[in-house]
Structure formats: C-alpha cells, structure tokens
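Reviewing the structure listed below.
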Amino acid sequence: MLRADAVSFGYGDSGFLLSDASVAIAPGSLTGLLGPNGCGKTTLLKLLCGVLRPRAGRVLLGERPLTAMTRRELARHVAVVPQETHPAFEYSVTEMVMMGRHRTSARFSSGLRGTWARASMASWC
C-alpha cells in the first residue's frame, strides 16, 4: 500500500501550503485526485512518488518510508504518467513502455524487449 500520513509541503514564499493531507492507495487499485486548480493535487502526487519530501508527515510504501528507499528501488514500485505529454515523435504504446524500462531491459534484443513490453501491458488489463 502507498500511503501518505498527514503530509504537509509548501513552495518557499509563494504562500501555497498543502497541509495535513492523508491518503492510502491499495495495490492494483485505480485512484483519481479531484479538486480545483491550485489545491495541491500535483504536489500530493510528487510527494507520493518521492519527487518531493514532505516538510511534515510521512509517505510509506508498505511499511517503509520513501526516504529509506533508493531511487532505483522506488522506481520498481511507483511510476507517474503525466496527464499531458508532447513527445517529439509518434511512439506506439509498446515503444513508450520499452523506453520506460530501457535501462533494465537493455540486455534483451529489441524483439525480446517488445515481447516483454506486451506481456507487461497484458498483465495490467
């Protein structure tokens, strides 16, 4: 489970403060964040994936704080796909999945990477 317990975060002198936010996301679940512009949805996502560190509270994956995990270890469990992207080329979904895993799958031939990517995507459906 990915969990934020009473996290708070602010951006310098901007006046913005995400205060005392808590959420629990079960493995395999589909979760959405809804709210008006500027309410902290993106900030909360950045806290949940370890891009930002909370000023107060904690973010846990299972029972481990994200701060105790290496970037590589965290990347094996948590990923964020932005709502809007503007790739330089028209990539297929399979190619995008392969690019996201290019470092760990570099030892495979391109045919095996494609097979791995399709199998990975099939397990999500």
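Please note that chains go A, B, ... in the order of the structure tokens, that every chain numbers its residues from 1, and that ligands are numbered from 1 in the order shown.
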Sel. of strand (DSSP E or B) residues, segment 21-116 of chain A, as a PDB file with N, CA and C atoms, in the first residue's frame:
ATOM      1  N   ALA A  21      -2.341  16.415   4.677  1.00  0.00           N
ATOM      2  CA  ALA A  21      -3.045  15.564   3.700  1.00  0.00           C
ATOM      3  C   ALA A  21      -2.710  14.097   3.965  1.00  0.00           C
ATOM      4  N   SER A  22      -3.727  13.249   3.923  1.00  0.00           N
ATOM      5  CA  SER A  22      -3.538  11.808   4.102  1.00  0.00           C
ATOM      6  C   SER A  22      -4.299  11.066   3.018  1.00  0.00           C
ATOM      7  N   VAL A  23      -3.693   9.974   2.539  1.00  0.00           N
ATOM      8  CA  VAL A  23      -4.323   9.132   1.526  1.00  0.00           C
ATOM      9  C   VAL A  23      -3.703   7.742   1.622  1.00  0.00           C
ATOM     10  N   ALA A  24      -4.489   6.732   1.307  1.00  0.00           N
ATOM     11  CA  ALA A  24      -3.993   5.357   1.247  1.00  0.00           C
ATOM     12  C   ALA A  24      -4.441   4.758  -0.075  1.00  0.00           C
ATOM     13  N   ILE A  25      -3.487   4.217  -0.830  1.00  0.00           N
ATOM     14  CA  ILE A  25      -3.771   3.661  -2.142  1.00  0.00           C
ATOM     15  C   ILE A  25      -3.401   2.179  -2.128  1.00  0.00           C
ATOM     16  N   ALA A  56       6.394  17.897   6.750  1.00  0.00           N
ATOM     17  CA  ALA A  56       5.857  17.219   7.932  1.00  0.00           C
ATOM     18  C   ALA A  56       5.117  15.988   7.444  1.00  0.00           C
ATOM     19  N   GLY A  57       4.925  15.010   8.306  1.00  0.00           N
ATOM     20  CA  GLY A  57       4.250  13.774   7.940  1.00  0.00           C
ATOM     21  C   GLY A  57       5.210  12.820   7.253  1.00  0.00           C
ATOM     22  N   ARG A  58       4.652  11.766   6.683  1.00  0.00           N
ATOM     23  CA  ARG A  58       5.499  10.772   6.030  1.00  0.00           C
ATOM     24  C   ARG A  58       4.740  10.082   4.910  1.00  0.00           C
ATOM     25  N   VAL A  59       5.515   9.562   3.948  1.00  0.00           N
ATOM     26  CA  VAL A  59       4.973   8.785   2.844  1.00  0.00           C
ATOM     27  C   VAL A  59       5.605   7.395   2.933  1.00  0.00           C
ATOM     28  N   LEU A  60       4.758   6.372   2.897  1.00  0.00           N
ATOM     29  CA  LEU A  60       5.213   4.993   3.064  1.00  0.00           C
ATOM     30  C   LEU A  60       4.797   4.126   1.884  1.00  0.00           C
ATOM     31  N   LEU A  61       5.660   3.212   1.523  1.00  0.00           N
ATOM     32  CA  LEU A  61       5.332   2.161   0.568  1.00  0.00           C
ATOM     33  C   LEU A  61       5.410   0.874   1.370  1.00  0.00           C
ATOM     34  N   ARG A  64       7.596   0.890   4.677  1.00  0.00           N
ATOM     35  CA  ARG A  64       8.869   1.609   4.554  1.00  0.00           C
ATOM     36  C   ARG A  64       8.673   3.040   4.101  1.00  0.00           C
ATOM     37  N   PRO A  65       9.307   3.986   4.772  1.00  0.00           N
ATOM     38  CA  PRO A  65       9.270   5.373   4.301  1.00  0.00           C
ATOM     39  C   PRO A  65       9.983   5.490   2.955  1.00  0.00           C
TER      40      PRO A  65
END
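Considering the residues A:Asn37, A:Thr43, A:Thr115, A:Thr31 and counting only C-alpha atoms, Leu17 of chain A has its shortest atom-to-atom contact with A:Thr43.
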Atom CA of Phe9 of chain A to atom CA of Gln83 of chain A, distance in Å rounded to a single decimal: 22.1 Å
Proximity to Gly28 of chain A - best of A:Lys46, A:His77, A:Arg53, A:His86, only C-alpha atoms: A:His77
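The spacing separating atom CA of Leu30 of chain A from atom CA of Glu90 of chain A amounts to 26.6 Å.
Using only C-alpha atoms, the shortest contact distance between Lys41 of chain A and any of A:Ala117, A:Val7, A:Leu18, A:Ala26 is found at A:Leu18.
Computed from the coordinates, the atom CA of Gly35 of chain A to atom CA of Leu74 of chain A distance equals 26.8 Å.
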Contacts of Cys49 of chain A within 7 Å, only C-alpha atoms, excl. fewer than 3 positions in-chain, as a PyMOL selection string: chain A and resi 45-46+78-79
Minimum-distance residue to Gly62 of chain A, chosen among A:Ala122, A:Pro82, A:Leu33, A:Pro27 (using only C-alpha atoms): A:Pro27
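For segment 19-85 of chain A, a DSSP pass over the backbone yields helix (DSSP H, G or I) at Lys41, Thr42, Thr43, Leu44, Leu45, Lys46, Leu47, Leu48, Leu66, Thr67, Ala68, Arg71, Arg72, Glu73, Leu74 and Ala75 of chain A.
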Pick from A:Arg72, A:Thr94, A:Leu66, A:Ala6 nearest to Leu48 of chain A, counting only C-alpha atoms: A:Leu66
